[in-house]
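Here the structure comes first, spelled out in structure tokens, and everything after it is commentary.
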Amino acid sequence: MTRRLILDSYARESRRGDKRRLSVTGQHASNEQRVKELGADLGERLDDQGKSAWNPDVRREDWNRLIARLTTGECDGVVIFDLERFIRQVADAVRIVDLAKMGFKIFDSDMEFDLTTTSGRDAFYKQAIAAETYSSRLSDKVSRGNRTRATNGEGKRGRYRAFGFEDDSTTVRESEREYIRHVDRLIRVEGKRWGDAVEYLTKHNILSTAIQHTPQCLEAREPLTPYRLRQYTCECTGRPWRDRSLQQAMQNPRMAGYARLGKELVGRLPGEPILDPADWQELCALISSRRGRPPEQIFLCTGRVPIRCWNCGTVFTQRQSSHGTKYPGTDEVKRYYLCDKTEGGCGRTIADRKVLDNTVRDAIIRELSSVETALELKRLRDQRATLREPHEKEIARLEKIRDHWDTQLNSGADDMTIERHSTLTADLNQRIKAARAELETIGEALGTVPDAESREVVRAKWEAAEPDERRAKFRQAFGDRLIYVVPGSSLDTDVLDRMKPAPRQIPDGE
């Protein structure tokens, strides 16, 4: 008795709810009818919903599973609604043909592709080439269309409505215009904090455009296609703004009337912009200049300073006491250092923050008041300066050339197009990047190295220094040397014995 073929059903839909194409459910129904007509048994129903077969960066999990089943012989072939749903790259077709030597079969809604014959492979390749050509042309049309719309000032909506604009991302929502301008004045002119701006907007019920839908609303939205979802309305509202999200919204180029395509500004939106372009640029510059010190950098021993975990050689992070325990006689909650797991470390506790900071402080003061250390630092400074000099000169030369091409482009020189400018500067940018990588490998050149001073003078300067200045002194005092601390209890009041000049030596095979 001849064994019945086991055929999988594969379906794909580039965009969920695409009305121009048969849905995944419809494709499977057609495929299953075809399986019955062929007198075969249905294997697995595999589908990649909302996945492009043309974009090589898109991972199609069920397509890969199908290939694995065909390769291992778990199924005898596959039924597809049409070849375009199955492949859109010639590279995929070549892969399928190579695997088809194992004898599996491919059927679509009205024919079989016999990939063991020359004519079958030829037909298969031709359809794959046609599918890839169609996708490439469609992609070019979409790109041109997006650029044309952006150049004409037509906005493109993201996941949420742009603050200050209607759903079309082009028309200004007049009810929000004056509130946005007031926020701009608060920050740029009056020097207020972003918390003050958030408080002002919340007071006037101007909430974030990131709508927080209720579970019932999400359940109602889930089965809707993108086309029906556009007509869906609900009473759900956003939450109050947060400092960071409000900053991002205010930095949107739409605020100044710029039309954007990706990161490129390509045109102007119609009508009067919410903010004057010059005011908006000043606001953006102000936001960038106020990025502030990363939270980790207020602590002496966190991040990129010359101290590491003895156990694994990783930098430290810090945590607050989970019990809210405070340092004696203060309102400051206790903190402790631990090895940073996000950097690949072991995550073990190192020491109480103040205990380790005080011990390291004493070591820094000792080093900075040492004549030998001062001489070594000067030698290291001169050595690095010599190594860095040719790379710094090359960067300056290349940047001067790049500035020339920028001037040519900005002044509208006849023979300077955006494409020509991009080609010329791409090579320069690549060489500048390589030179900067060399500088990073060499390390930063030390600034002026002071002569050794008394411990009292060094200690006084330490006490007057800001956190970032203390971290700079830490790097200055130890240069390329590292301190390694053996993990231990945060209750240990003396970590000096746990500070080592070298990391743990891991035995072979451990």
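Each chain of the structure tokens is named A, B, ... in the order shown, its residues numbered from 1; ligands are numbered from 1 in display order.
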Those in stretch 85-119 of chain A with helix (DSSP H, G or I) from DSSP, as a compact mmCIF listing (two decimals) with N, CA, C and O atoms, in the first residue's frame:
```txt
# COMPACT_ATOMS: atom_id res chain seq x y z
N ARG A 85 3.76 34.19 -2.06
CA ARG A 85 3.58 34.07 -0.61
C ARG A 85 4.71 33.27 0.02
O ARG A 85 4.92 33.33 1.23
N PHE A 86 5.42 32.47 -0.80
CA PHE A 86 6.44 31.57 -0.30
C PHE A 86 7.83 32.18 -0.35
O PHE A 86 8.58 32.18 0.63
N VAL A 90 15.56 35.56 -4.86
CA VAL A 90 16.17 34.49 -5.66
C VAL A 90 17.04 33.60 -4.77
O VAL A 90 17.13 32.40 -4.98
N ALA A 91 17.67 34.21 -3.75
CA ALA A 91 18.52 33.41 -2.83
C ALA A 91 17.71 32.32 -2.15
O ALA A 91 18.20 31.20 -1.95
N ASP A 92 16.46 32.63 -1.78
CA ASP A 92 15.60 31.60 -1.18
C ASP A 92 15.29 30.50 -2.18
O ASP A 92 15.23 29.32 -1.83
N ALA A 93 15.06 30.88 -3.45
CA ALA A 93 14.77 29.89 -4.48
C ALA A 93 15.94 28.94 -4.67
O ALA A 93 15.76 27.72 -4.81
N VAL A 94 17.16 29.48 -4.67
CA VAL A 94 18.35 28.64 -4.82
C VAL A 94 18.45 27.66 -3.65
O VAL A 94 18.76 26.47 -3.83
N ARG A 95 18.16 28.15 -2.46
CA ARG A 95 18.20 27.27 -1.28
C ARG A 95 17.18 26.14 -1.39
O ARG A 95 17.49 24.99 -1.09
N ILE A 96 15.97 26.47 -1.84
CA ILE A 96 14.93 25.46 -1.98
C ILE A 96 15.32 24.42 -3.02
O ILE A 96 15.14 23.21 -2.82
N VAL A 97 15.87 24.87 -4.15
CA VAL A 97 16.27 23.94 -5.21
C VAL A 97 17.35 22.99 -4.71
O VAL A 97 17.34 21.79 -5.00
N ASP A 98 18.30 23.51 -3.94
CA ASP A 98 19.36 22.64 -3.40
C ASP A 98 18.78 21.57 -2.48
O ASP A 98 19.21 20.41 -2.49
N LEU A 99 17.80 21.99 -1.68
CA LEU A 99 17.19 21.04 -0.75
C LEU A 99 16.26 20.05 -1.46
O LEU A 99 16.04 18.95 -0.98
N ALA A 100 15.72 20.45 -2.64
CA ALA A 100 14.75 19.62 -3.34
C ALA A 100 15.35 18.33 -3.87
O ALA A 100 14.61 17.41 -4.27
N LYS A 101 16.67 18.24 -3.83
CA LYS A 101 17.31 16.98 -4.25
C LYS A 101 16.90 15.83 -3.35
O LYS A 101 17.04 14.67 -3.70
N MET A 102 16.38 16.17 -2.15
CA MET A 102 15.93 15.15 -1.22
C MET A 102 14.58 14.57 -1.63
O MET A 102 14.11 13.60 -1.03
N THR A 118 15.01 19.99 -15.12
CA THR A 118 15.54 21.28 -15.57
C THR A 118 14.41 22.27 -15.84
O THR A 118 14.49 23.44 -15.45
N SER A 119 13.33 21.81 -16.50
CA SER A 119 12.22 22.72 -16.82
C SER A 119 11.51 23.17 -15.54
O SER A 119 11.07 24.33 -15.45
```
Task: All residues 10 Å or closer to A:Gly488, only C-alpha atoms, same chain fewer than 4 positions away omitted, as an MDAnalysis selection string - done: chainID A and resid 338 348:352 492 495 498
Open item on the list: Just to confirm, what's the straight-line distance from atom CA of A:Ser322 to atom CA of A:Ile298 in Å (one decimal)?
Closed with: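 Value for the atom CA of A:Ser322-atom CA of A:Ile298 distance: 19.9 Å.
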Open item on the list: Using only C-alpha atoms for the distances, tell me which of A:Arg384, A:Gly39, A:Ser370, A:Glu419 is nearest to A:Thr441.
Closed with: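 The answer is A:Arg384, which sits nearest to A:Thr441.
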TODO: If you run DSSP over the backbone, which residues in stretch 229-319 of chain A end up strand (DSSP E or B)? Put them as a PyMOL selection string.
DONE: chain A and resi 238+258-261+264-268+307-309+316-319
Open item on the list: Could you list, as a ChimeraX atom specification, every residue within 12 Å of A:Ile395, counting only C-alpha atoms and ignoring same-chain residues fewer than 3 positions away?
Closed with: /A:388-392,398-402,428-439
For the residues selected in the previous step, produce a file with N, CA, C and O atoms as a CSV table (one decimal), in the first residue's frame.
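Now in selection31.csv:
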```
chain,number,residue,atom,x,y,z
A,388,ARG,N,49.7,59.9,20.2
A,388,ARG,CA,48.5,60.5,19.7
A,388,ARG,C,48.6,61.5,18.6
A,388,ARG,O,47.8,61.8,17.8
A,389,GLU,N,49.8,62.2,18.6
A,389,GLU,CA,50.0,63.3,17.8
A,389,GLU,C,49.7,63.1,16.3
A,389,GLU,O,49.0,63.9,15.7
A,390,PRO,N,50.3,62.0,15.6
A,390,PRO,CA,50.0,61.8,14.2
A,390,PRO,C,48.5,61.6,13.9
A,390,PRO,O,48.0,62.0,12.9
A,391,HIS,N,47.8,60.9,14.8
A,391,HIS,CA,46.4,60.6,14.6
A,391,HIS,C,45.6,61.9,14.7
A,391,HIS,O,44.6,62.1,14.0
A,392,GLU,N,45.9,62.7,15.7
A,392,GLU,CA,45.2,64.0,15.9
A,392,GLU,C,45.4,64.9,14.7
A,392,GLU,O,44.5,65.6,14.3
A,398,LEU,N,41.6,65.8,7.8
A,398,LEU,CA,40.4,65.3,7.2
A,398,LEU,C,39.1,66.1,7.5
A,398,LEU,O,38.3,66.3,6.6
A,399,GLU,N,39.0,66.6,8.7
A,399,GLU,CA,37.9,67.4,9.1
A,399,GLU,C,37.9,68.7,8.4
A,399,GLU,O,36.8,69.2,8.0
A,400,LYS,N,39.1,69.3,8.1
A,400,LYS,CA,39.2,70.5,7.3
A,400,LYS,C,38.6,70.3,5.9
A,400,LYS,O,37.9,71.1,5.3
A,401,ILE,N,39.0,69.1,5.3
A,401,ILE,CA,38.5,68.8,4.0
A,401,ILE,C,37.0,68.6,4.0
A,401,ILE,O,36.3,69.1,3.1
A,402,ARG,N,36.5,67.9,5.0
A,402,ARG,CA,35.1,67.7,5.1
A,402,ARG,C,34.3,69.0,5.2
A,402,ARG,O,33.2,69.2,4.7
A,428,LEU,N,35.9,60.1,3.9
A,428,LEU,CA,36.5,60.9,5.0
A,428,LEU,C,36.0,60.5,6.3
A,428,LEU,O,36.8,60.3,7.3
A,429,ASN,N,34.7,60.3,6.5
A,429,ASN,CA,34.2,59.9,7.8
A,429,ASN,C,34.7,58.5,8.2
A,429,ASN,O,35.0,58.3,9.4
A,430,GLN,N,34.9,57.6,7.2
A,430,GLN,CA,35.4,56.3,7.6
A,430,GLN,C,36.9,56.4,8.1
A,430,GLN,O,37.2,55.8,9.1
A,431,ARG,N,37.7,57.3,7.5
A,431,ARG,CA,39.1,57.4,7.9
A,431,ARG,C,39.1,58.2,9.3
A,431,ARG,O,40.0,57.8,10.1
A,432,ILE,N,38.3,59.1,9.4
A,432,ILE,CA,38.2,59.8,10.7
A,432,ILE,C,37.8,58.9,11.8
A,432,ILE,O,38.4,58.9,12.9
A,433,LYS,N,36.9,58.0,11.6
A,433,LYS,CA,36.4,57.0,12.6
A,433,LYS,C,37.6,56.1,12.9
A,433,LYS,O,37.8,55.7,14.1
A,434,ALA,N,38.3,55.6,11.9
A,434,ALA,CA,39.5,54.7,12.2
A,434,ALA,C,40.5,55.4,13.0
A,434,ALA,O,41.1,54.8,13.9
A,435,ALA,N,40.8,56.7,12.7
A,435,ALA,CA,41.8,57.5,13.5
A,435,ALA,C,41.4,57.6,14.9
A,435,ALA,O,42.2,57.5,15.8
A,436,ARG,N,40.1,57.9,15.1
A,436,ARG,CA,39.6,58.1,16.5
A,436,ARG,C,39.6,56.8,17.2
A,436,ARG,O,39.9,56.7,18.5
A,437,ALA,N,39.4,55.6,16.5
A,437,ALA,CA,39.6,54.3,17.2
A,437,ALA,C,41.0,54.1,17.7
A,437,ALA,O,41.2,53.5,18.7
A,438,GLU,N,42.0,54.6,16.9
A,438,GLU,CA,43.4,54.4,17.3
A,438,GLU,C,43.6,55.3,18.5
A,438,GLU,O,44.3,54.8,19.5
A,439,LEU,N,43.1,56.5,18.6
A,439,LEU,CA,43.2,57.3,19.8
A,439,LEU,C,42.6,56.7,21.0
A,439,LEU,O,43.2,56.8,22.1
```
Task: Residue with smallest distance to A:Tyr258 - pool A:Gln281, A:Gln320, A:Thr314, A:Gln127, counting only C-alpha atoms - done: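 Smallest distance to A:Tyr258 is found for A:Gln281.
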TODO: Within 7 Å of A:Asn311, counting only C-alpha atoms, which residues show up once you throw out same-chain ones fewer than 2 positions away? Write them as a list in words, please.
DONE: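 What passes the distance filter is Cys309, Gly313, Val486, Pro503 and Arg504 of chain A.
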Open item on the list: So, with only C-alpha atoms as the atoms that count, which of A:Gly43, A:Pro253, A:Gly412, A:Gly345 lies closest to A:Cys312?
Closed with: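 With only C-alpha atoms as the atom set, the closest residue is A:Gly345.
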- [ ] Measuring atom to atom with only C-alpha atoms, identify which of A:Phe299, A:Tyr10, A:Tyr200, A:Tyr327 is nearest to A:Ile106.
- [x]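 Checking each of A:Phe299, A:Tyr10, A:Tyr200, A:Tyr327 against A:Ile106, counting only C-alpha atoms, the winner is A:Tyr10.
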